[in-house]
>>> print(open('run_16.pdb').read())   # PDB, C-alpha atoms and all ligand atoms
ATOM      1  CA  MET A   1     155.461 135.223  77.035
ATOM      2  CA  ASP A   2     152.813 132.899  75.607
ATOM      3  CA  ILE A   3     153.878 129.596  77.106
ATOM      4  CA  ASN A   4     151.788 127.676  74.579
ATOM      5  CA  HIS A   5     153.783 129.042  71.674
ATOM      6  CA  PRO A   6     156.540 126.750  70.295
ATOM      7  CA  ASP A   7     158.924 129.743  70.343
ATOM      8  CA  SER A   8     158.690 129.824  74.137
ATOM      9  CA  ILE A   9     159.947 126.258  74.421
ATOM     10  CA  THR A  10     162.717 127.073  71.934
ATOM     11  CA  ALA A  11     163.620 130.171  73.974
ATOM     12  CA  LEU A  12     163.780 128.110  77.177
ATOM     13  CA  MET A  13     165.977 125.577  75.383
ATOM     14  CA  LYS A  14     168.403 128.321  74.344
ATOM     15  CA  GLU A  15     168.327 129.888  77.806
ATOM     16  CA  THR A  16     169.240 126.591  79.485
ATOM     17  CA  GLY A  17     171.928 125.696  76.932
ATOM     18  CA  ALA A  18     169.882 122.711  75.721
ATOM     19  CA  LEU A  19     169.882 124.186  72.221
ATOM     20  CA  GLN A  20     173.319 125.335  71.143
ATOM     21  CA  GLU A  21     174.580 126.855  67.929
ATOM     22  CA  GLY A  22     178.115 126.362  66.691
ATOM     23  CA  HIS A  23     179.904 123.456  65.044
ATOM     24  CA  PHE A  24     179.288 119.991  66.423
ATOM     25  CA  ALA A  25     180.294 116.427  65.680
ATOM     26  CA  LEU A  26     177.189 114.322  66.390
ATOM     27  CA  SER A  27     177.310 110.760  67.691
ATOM     28  CA  SER A  28     176.374 109.657  64.151
ATOM     29  CA  GLY A  29     179.697 111.082  62.954
ATOM     30  CA  LEU A  30     177.913 113.816  60.976
ATOM     31  CA  HIS A  31     178.548 117.509  61.585
ATOM     32  CA  SER A  32     175.896 120.078  62.434
ATOM     33  CA  GLY A  33     175.532 123.753  63.257
ATOM     34  CA  HIS A  34     173.114 122.845  66.057
ATOM     35  CA  TYR A  35     173.214 120.613  69.077
ATOM     36  CA  LEU A  36     170.239 119.659  71.232
ATOM     37  CA  GLN A  37     170.730 118.259  74.738
ATOM     38  CA  CYS A  38     167.224 118.107  76.192
ATOM     39  CA  ALA A  39     168.511 117.063  79.629
ATOM     40  CA  LEU A  40     169.722 120.642  80.115
ATOM     41  CA  PHE A  41     166.165 121.911  79.530
ATOM     42  CA  LEU A  42     164.666 119.244  81.807
ATOM     43  CA  MET A  43     167.146 119.843  84.648
ATOM     44  CA  TYR A  44     164.782 122.626  85.727
ATOM     45  CA  PRO A  45     161.669 120.936  87.133
ATOM     46  CA  GLU A  46     159.455 123.883  86.150
ATOM     47  CA  ASN A  47     160.447 123.340  82.495
ATOM     48  CA  ALA A  48     159.664 119.625  82.783
ATOM     49  CA  ALA A  49     156.280 120.439  84.358
ATOM     50  CA  LEU A  50     155.476 122.995  81.647
ATOM     51  CA  ALA A  51     156.467 120.686  78.780
ATOM     52  CA  GLY A  52     154.626 117.790  80.456
ATOM     53  CA  SER A  53     151.361 119.670  80.735
ATOM     54  CA  LEU A  54     151.577 120.997  77.156
ATOM     55  CA  LEU A  55     152.312 117.543  75.804
ATOM     56  CA  ALA A  56     149.554 115.978  77.914
ATOM     57  CA  GLY A  57     147.157 118.424  76.234
ATOM     58  CA  LYS A  58     148.191 117.087  72.835
ATOM     59  CA  LEU A  59     147.874 113.442  73.911
ATOM     60  CA  SER A  60     144.569 113.545  75.772
ATOM     61  CA  ASP A  61     142.174 112.613  72.959
ATOM     62  CA  PRO A  62     141.559 109.686  72.964
ATOM     63  CA  ARG A  63     142.401 109.571  76.618
ATOM     64  CA  PRO A  64     145.233 107.121  77.428
ATOM     65  CA  SER A  65     145.295 105.145  80.665
ATOM     66  CA  LEU A  66     149.078 104.659  80.664
ATOM     67  CA  VAL A  67     152.200 106.545  79.604
ATOM     68  CA  VAL A  68     155.267 104.563  78.501
ATOM     69  CA  SER A  69     158.726 105.952  77.814
ATOM     70  CA  PRO A  70     162.021 104.515  76.679
ATOM     71  CA  ALA A  71     164.760 105.134  79.291
ATOM     72  CA  ILE A  72     166.743 107.269  79.877
ATOM     73  CA  GLY A  73     165.732 110.244  77.777
ATOM     74  CA  GLY A  74     161.971 109.775  78.024
ATOM     75  CA  VAL A  75     161.700 109.149  81.759
ATOM     76  CA  ILE A  76     161.469 112.680  83.168
ATOM     77  CA  ILE A  77     159.096 114.052  80.535
ATOM     78  CA  GLY A  78     157.016 110.835  80.428
ATOM     79  CA  HIS A  79     156.485 111.037  84.165
ATOM     80  CA  GLU A  80     155.377 114.675  83.892
ATOM     81  CA  VAL A  81     152.929 113.858  81.079
ATOM     82  CA  ALA A  82     151.489 111.018  83.187
ATOM     83  CA  ARG A  83     151.142 113.359  86.162
ATOM     84  CA  SER A  84     149.208 115.850  84.010
ATOM     85  CA  LEU A  85     146.957 113.141  82.594
ATOM     86  CA  GLY A  86     146.464 111.566  86.036
ATOM     87  CA  VAL A  87     147.550 108.113  84.840
ATOM     88  CA  PRO A  88     150.420 105.740  85.746
ATOM     89  CA  PHE A  89     153.812 105.844  84.096
ATOM     90  CA  ILE A  90     156.164 102.996  83.204
ATOM     91  CA  PHE A  91     159.427 102.856  81.296
ATOM     92  CA  CYS A  92     161.253 100.311  79.220
ATOM     93  CA  GLU A  93     164.991 100.028  78.859
ATOM     94  CA  ARG A  94     167.492  98.436  76.575
ATOM     95  CA  GLU A  95     168.850  95.078  77.708
ATOM     96  CA  LYS A  96     171.358  93.292  75.460
ATOM     97  CA  GLY A  97     170.281  95.531  72.614
ATOM     98  CA  SER A  98     166.506  95.108  72.809
ATOM     99  CA  MET A  99     163.793  97.034  74.670
ATOM    100  CA  LYS A 100     162.448  95.294  77.778
ATOM    101  CA  LEU A 101     159.880  96.161  80.425
ATOM    102  CA  ARG A 102     162.281  95.066  83.159
ATOM    103  CA  ARG A 103     160.770  96.630  86.260
ATOM    104  CA  PHE A 104     157.032  96.517  85.606
ATOM    105  CA  PRO A 105     154.441  93.793  85.073
ATOM    106  CA  SER A 106     152.526  93.558  81.806
ATOM    107  CA  PRO A 107     149.925  96.352  82.135
ATOM    108  CA  GLY A 108     146.946  94.373  80.832
ATOM    109  CA  PRO A 109     144.237  95.932  78.633
ATOM    110  CA  VAL A 110     145.215  99.605  78.358
ATOM    111  CA  GLY A 111     145.289 102.349  75.771
ATOM    112  CA  TYR A 112     148.777 103.808  76.019
ATOM    113  CA  VAL A 113     150.863 106.680  74.642
ATOM    114  CA  ILE A 114     154.639 106.802  74.213
ATOM    115  CA  VAL A 115     156.518 109.890  75.386
ATOM    116  CA  GLU A 116     160.103 110.860  74.502
ATOM    117  CA  ASP A 117     162.306 113.897  75.004
ATOM    118  CA  VAL A 118     163.748 114.085  71.483
ATOM    119  CA  VAL A 119     162.823 112.048  68.419
ATOM    120  CA  THR A 120     165.606 111.889  65.860
ATOM    121  CA  THR A 121     165.133 108.674  63.864
ATOM    122  CA  GLY A 122     162.082 107.379  65.747
ATOM    123  CA  ARG A 123     163.874 104.097  66.388
ATOM    124  CA  SER A 124     163.373 103.939  70.168
ATOM    125  CA  THR A 125     159.736 105.050  69.834
ATOM    126  CA  LEU A 126     159.082 102.257  67.339
ATOM    127  CA  GLU A 127     160.923  99.718  69.501
ATOM    128  CA  THR A 128     158.818 100.765  72.492
ATOM    129  CA  LYS A 129     155.664 100.418  70.389
ATOM    130  CA  ASN A 130     156.686  96.929  69.205
ATOM    131  CA  LEU A 131     157.393  95.860  72.776
ATOM    132  CA  MET A 132     154.045  97.172  74.044
ATOM    133  CA  ASP A 133     152.029  95.830  71.114
ATOM    134  CA  ASP A 134     153.334  92.328  71.848
ATOM    135  CA  LEU A 135     151.699  92.437  75.299
ATOM    136  CA  PRO A 136     148.113  91.131  75.499
ATOM    137  CA  GLY A 137     145.339  93.738  75.367
ATOM    138  CA  THR A 138     147.373  96.901  74.855
ATOM    139  CA  SER A 139     146.431  99.484  72.260
ATOM    140  CA  PHE A 140     148.632 102.258  70.925
ATOM    141  CA  LEU A 141     146.974 105.693  70.983
ATOM    142  CA  GLY A 142     149.853 107.908  69.875
ATOM    143  CA  ALA A 143     153.293 109.258  70.664
ATOM    144  CA  GLY A 144     154.618 112.634  71.736
ATOM    145  CA  CYS A 145     157.961 114.320  72.249
ATOM    146  CA  ILE A 146     159.286 117.683  73.327
ATOM    147  CA  ALA A 147     161.405 118.105  70.198
ATOM    148  CA  ASP A 148     160.956 116.420  66.847
ATOM    149  CA  ARG A 149     164.085 116.633  64.734
ATOM    150  CA  SER A 150     163.201 113.743  62.451
ATOM    151  CA  GLY A 151     162.049 115.852  59.519
ATOM    152  CA  GLY A 152     158.968 113.616  59.350
ATOM    153  CA  MET A 153     161.065 110.530  58.567
ATOM    154  CA  THR A 154     160.049 108.347  61.524
ATOM    155  CA  GLY A 155     157.316 106.306  59.873
ATOM    156  CA  LEU A 156     154.974 107.387  62.690
ATOM    157  CA  GLY A 157     153.305 110.093  60.591
ATOM    158  CA  SER A 158     150.534 111.948  62.397
ATOM    159  CA  ASP A 159     150.804 109.497  65.326
ATOM    160  CA  LEU A 160     153.713 111.638  66.561
ATOM    161  CA  VAL A 161     153.040 115.050  68.108
ATOM    162  CA  SER A 162     155.689 117.453  69.398
ATOM    163  CA  LEU A 163     156.040 120.800  71.145
ATOM    164  CA  VAL A 164     158.723 122.010  68.749
ATOM    165  CA  SER A 165     160.166 120.639  65.547
ATOM    166  CA  PHE A 166     163.615 121.378  64.211
ATOM    167  CA  ASP A 167     164.965 120.711  60.780
ATOM    168  CA  PHE A 168     168.698 121.050  61.331
ATOM    169  CA  PRO A 169     170.812 120.061  58.354
ATOM    170  CA  ASN A 170     173.624 117.582  59.050
ATOM    171  CA  TYR A 171     176.749 117.308  56.911
ATOM    172  CA  SER A 172     179.447 114.791  56.232
ATOM    173  CA  ARG A 173     182.887 116.045  57.255
ATOM    174  CA  GLU A 174     183.794 116.572  53.596
ATOM    175  CA  GLU A 175     180.719 118.706  52.887
ATOM    176  CA  CYS A 176     180.578 120.580  56.199
ATOM    177  CA  PRO A 177     180.476 124.375  55.662
ATOM    178  CA  PHE A 178     181.743 124.974  59.220
ATOM    179  CA  CYS A 179     184.823 122.802  58.661
ATOM    180  CA  ARG A 180     185.458 124.740  55.471
ATOM    181  CA  LYS A 181     185.282 128.031  57.392
ATOM    182  CA  GLY A 182     187.599 126.671  60.109
ATOM    183  CA  VAL A 183     185.017 126.979  62.925
ATOM    184  CA  PRO A 184     186.331 125.034  65.982
ATOM    185  CA  LEU A 185     184.574 121.670  66.351
ATOM    186  CA  SER A 186     182.979 120.491  69.615
ATOM    187  CA  GLU A 187     182.019 116.899  70.364
ATOM    188  CA  PRO A 188     179.218 116.927  72.929
ATOM    189  CA  GLY A 189     177.626 113.739  74.275
ATOM    190  CA  SER A 190     180.102 111.408  72.600
ATOM    191  CA  ARG A 191     178.174 108.139  72.719
ATOM    192  CA  ARG A 192     180.962 106.628  70.658
ATOM    193  CA  LEU A 193     183.139 106.420  73.760
ATOM    194  CA  SER A 194     180.793 103.961  75.483
ATOM    195  CA  PRO A 195     181.013 100.276  74.521
TER     196      PRO A 195
HETATM  197 ZN    ZN B   1     182.304 120.271  60.332
END
>>> encode(input="run_16.pdb", output="structure tokens")
Amino acid sequence: MDINHPDSITALMKETGALQEGHFALSSGLHSGHYLQCALFLMYPENAALAGSLLAGKLSDPRPSLVVSPAIGGVIIGHEVARSLGVPFIFCEREKGSMKLRRFPSPGPVGYVIVEDVVTTGRSTLETKNLMDDLPGTSFLGAGCIADRSGGMTGLGSDLVSLVSFDFPNYSREECPFCRKGVPLSEPGSRRLSP
């Protein structure tokens, strides 16, 4: 298996159950024939190390001196990318709705990259960028993720690199072909249940 080929990452995602096919209600309320739970791929440290080194390769020019990730999803893969690049890693987290660098001091003059597990709308990547850009001396060098399922709609353009990109169609309940066929519906990762 050519580990550099996007199909290999996709195969590992299927093997670990991170990428599932069926009939799913997403946290947005839309229905989809695919569900991606990257944590199931990253629960195997060798997968995290592989994805981290591949992503580091895509984010090494210009060379960053810091990796930043939004918690929780970006933490494992961000740390692996930082390990591969030989640079420090920090993470930001949401506090009362907005991204904060709660546990780390302002990094000073650094070129940084943002690393995520999955980019769907690009919202948390952009919030992380806004947070970092407000700190004195920082400069944004790019962003990377394991899986890009944004369909290019993030506003980050070529600043976002990924190991795999998926273009899964989502449907409203009324238009969902799986509902129409009577395929049983699963509701994974129901964020709606949390306050
Ligand atoms: Zn449906």
>>> closest_residue(input="run_16.pdb", among="A:Leu42, A:Ala48, A:Leu36, A:Leu26", to="ligand ZN 1 (chain B)", atoms="all atoms listed in the file")
A:Leu26
>>> closest_residue(input="run_16.pdb", among="A:Gly142, A:Gly74, A:Gly108, A:Pro88", to="Asp61 in chain A", atoms="all atoms listed in the file")
A:Gly142
>>> residues_near_point(input="run_16.pdb", point="(157.0, 102.9, 79.2)", cutoff="8 Å", atoms="all atoms listed in the file", output="list in words")
Val67, Val68, Ser69, Pro70, Phe89, Ile90, Phe91, Cys92, Leu101, Ile114, Val115 and Thr128 of chain A
>>> resolve_selection(input="run_16.pdb", expression="the PyMOL selection byres (((chain A and resi 145-157) around 6) and not hetatm)", output="list in words")
Val115, Glu116, Asp117, Val118, Val119, Thr120, Thr121, Gly122, Gly144, Ser158, Asp159, Leu160, Ser162, Leu163, Val164, Ser165, Phe166 and Asp167 of chain A
>>> residues_near_ligand(input="run_16.pdb", ligand="ligand ZN 1 (chain B)", cutoff="10 Å", atoms="all atoms listed in the file", output="PyMOL selection string")
chain A and resi 22-26+29-33+170-186
>>> atom_distance(input="run_16.pdb", atom1="CA of Leu85 in chain A", atom2="CA of Asn47 in chain A")
16.9 Å
>>> resolve_selection(input="run_16.pdb", expression="the PyMOL selection byres (((chain A and resi 141) around 8) and not hetatm)", output="PDB file with C-alpha atoms, in the coordinates of the input")
ATOM      1  CA  PRO A  62     141.559 109.686  72.964  1.00  0.00           C
ATOM      2  CA  PRO A  64     145.233 107.121  77.428  1.00  0.00           C
ATOM      3  CA  GLY A 111     145.289 102.349  75.771  1.00  0.00           C
ATOM      4  CA  TYR A 112     148.777 103.808  76.019  1.00  0.00           C
ATOM      5  CA  VAL A 113     150.863 106.680  74.642  1.00  0.00           C
ATOM      6  CA  SER A 139     146.431  99.484  72.260  1.00  0.00           C
ATOM      7  CA  PHE A 140     148.632 102.258  70.925  1.00  0.00           C
ATOM      8  CA  GLY A 142     149.853 107.908  69.875  1.00  0.00           C
ATOM      9  CA  ALA A 143     153.293 109.258  70.664  1.00  0.00           C
ATOM     10  CA  ASP A 159     150.804 109.497  65.326  1.00  0.00           C
TER      11      ASP A 159
END
>>> atom_distance(input="run_16.pdb", atom1="CA of Cys38 in chain A", atom2="CA of Arg123 in chain A")
17.4 Å
>>> axis_aligned_box(input="run_16.pdb", around="range 77-84 of chain A", padding_each_side="3 Å", output="lines of an AutoDock Vina configuration file")
center_x = 154.2
center_y = 113.3
center_z = 83.3
size_x = 15.9
size_y = 11.0
size_z = 11.7
>>> atom_distance(input="run_16.pdb", atom1="CA of Lys58 in chain A", atom2="CA of Pro107 in chain A")
22.8 Å
>>> closest_residue(input="run_16.pdb", among="A:Val110, A:Met99, A:Val81, A:Ala51", to="Leu131 in chain A", atoms="only C-alpha atoms")
A:Met99
>>> closest_residue(input="run_16.pdb", among="A:Glu80, A:Ser98, A:Ile9, A:Leu59", to="Pro45 in chain A", atoms="only C-alpha atoms")
A:Glu80
>>> resolve_selection(input="run_16.pdb", expression="the PyMOL selection byres (((chain A and resi 44) around 12) and not hetatm)", output="VMD selection string")
chain A and resid 12 to 13 15 to 18 38 to 43 45 to 51 76 to 77
>>> write_last_selection(input="run_16.pdb", atoms="C-alpha atoms", output="tab-separated table (two decimals), in the coordinates of the input")
chain	number	residue	atom	x	y	z
A	12	LEU	CA	163.78	128.11	77.18
A	13	MET	CA	165.98	125.58	75.38
A	15	GLU	CA	168.33	129.89	77.81
A	16	THR	CA	169.24	126.59	79.48
A	17	GLY	CA	171.93	125.70	76.93
A	18	ALA	CA	169.88	122.71	75.72
A	38	CYS	CA	167.22	118.11	76.19
A	39	ALA	CA	168.51	117.06	79.63
A	40	LEU	CA	169.72	120.64	80.11
A	41	PHE	CA	166.16	121.91	79.53
A	42	LEU	CA	164.67	119.24	81.81
A	43	MET	CA	167.15	119.84	84.65
A	45	PRO	CA	161.67	120.94	87.13
A	46	GLU	CA	159.46	123.88	86.15
A	47	ASN	CA	160.45	123.34	82.50
A	48	ALA	CA	159.66	119.62	82.78
A	49	ALA	CA	156.28	120.44	84.36
A	50	LEU	CA	155.48	123.00	81.65
A	51	ALA	CA	156.47	120.69	78.78
A	76	ILE	CA	161.47	112.68	83.17
A	77	ILE	CA	159.10	114.05	80.54
>>> decode(input="run_16.pdb", residues="range 48-125 of chain A", atoms="C-alpha atoms", output="CSV table (one decimal), in the first residue's frame")
chain,number,residue,atom,x,y,z
A,48,ALA,CA,-2.2,9.6,14.0
A,49,ALA,CA,1.6,9.4,13.5
A,50,LEU,CA,1.2,8.6,9.8
A,51,ALA,CA,-1.4,11.4,9.2
A,52,GLY,CA,0.8,13.8,11.2
A,53,SER,CA,3.9,13.2,9.2
A,54,LEU,CA,2.0,13.4,5.8
A,55,LEU,CA,0.4,16.6,6.9
A,56,ALA,CA,3.7,18.0,8.2
A,57,GLY,CA,5.1,17.4,4.7
A,58,LYS,CA,2.4,19.6,3.2
A,59,LEU,CA,2.9,22.4,5.7
A,60,SER,CA,6.6,22.6,5.8
A,61,ASP,CA,7.2,25.3,3.2
A,62,PRO,CA,7.4,28.1,4.5
A,63,ARG,CA,8.6,26.4,7.6
A,64,PRO,CA,6.3,27.2,10.6
A,65,SER,CA,7.7,27.6,14.1
A,66,LEU,CA,4.4,26.8,15.9
A,67,VAL,CA,1.4,24.6,15.3
A,68,VAL,CA,-2.0,25.7,16.7
A,69,SER,CA,-5.2,23.6,16.8
A,70,PRO,CA,-8.7,24.2,18.0
A,71,ALA,CA,-9.7,21.7,20.8
A,72,ILE,CA,-10.9,19.0,20.9
A,73,GLY,CA,-10.8,17.6,17.4
A,74,GLY,CA,-7.5,19.2,16.3
A,75,VAL,CA,-5.4,18.3,19.4
A,76,ILE,CA,-4.2,14.8,18.6
A,77,ILE,CA,-3.3,15.5,14.9
A,78,GLY,CA,-1.9,19.0,15.7
A,79,HIS,CA,0.5,17.5,18.2
A,80,GLU,CA,1.6,14.8,15.7
A,81,VAL,CA,2.2,17.5,13.0
A,82,ALA,CA,4.2,19.5,15.5
A,83,ARG,CA,6.3,16.5,16.4
A,84,SER,CA,7.1,15.8,12.8
A,85,LEU,CA,8.0,19.5,12.2
A,86,GLY,CA,10.0,19.6,15.4
A,87,VAL,CA,8.2,22.7,16.7
A,88,PRO,CA,5.9,23.4,19.7
A,89,PHE,CA,2.2,22.8,19.8
A,90,ILE,CA,-0.5,24.8,21.5
A,91,PHE,CA,-4.3,24.6,21.4
A,92,CYS,CA,-7.2,27.0,21.8
A,93,GLU,CA,-10.6,26.2,23.1
A,94,ARG,CA,-14.0,27.6,23.2
A,95,GLU,CA,-14.9,29.6,26.3
A,96,LYS,CA,-18.4,31.2,26.5
A,97,GLY,CA,-18.7,30.8,22.8
A,98,SER,CA,-15.4,32.3,21.6
A,99,MET,CA,-11.9,30.8,21.0
A,100,LYS,CA,-9.4,31.5,23.7
A,101,LEU,CA,-5.8,30.6,24.3
A,102,ARG,CA,-6.5,29.6,27.9
A,103,ARG,CA,-3.5,27.5,28.9
A,104,PHE,CA,-0.7,29.1,26.9
A,105,PRO,CA,1.0,32.5,26.9
A,106,SER,CA,1.0,34.7,23.8
A,107,PRO,CA,3.7,33.0,21.6
A,108,GLY,CA,5.4,36.2,20.4
A,109,PRO,CA,6.7,36.6,16.9
A,110,VAL,CA,6.1,33.3,15.2
A,111,GLY,CA,5.0,32.0,11.8
A,112,TYR,CA,2.2,29.5,12.6
A,113,VAL,CA,0.0,26.9,10.9
A,114,ILE,CA,-3.4,25.7,12.0
A,115,VAL,CA,-4.1,22.0,12.1
A,116,GLU,CA,-7.6,20.3,12.4
A,117,ASP,CA,-8.9,16.8,12.1
A,118,VAL,CA,-11.9,17.5,9.8
A,119,VAL,CA,-12.9,20.8,8.2
A,120,THR,CA,-16.6,21.1,7.4
A,121,THR,CA,-17.5,24.8,7.3
A,122,GLY,CA,-14.0,26.1,8.2
A,123,ARG,CA,-15.5,28.1,11.1
A,124,SER,CA,-13.2,26.9,13.9
A,125,THR,CA,-10.2,27.2,11.6
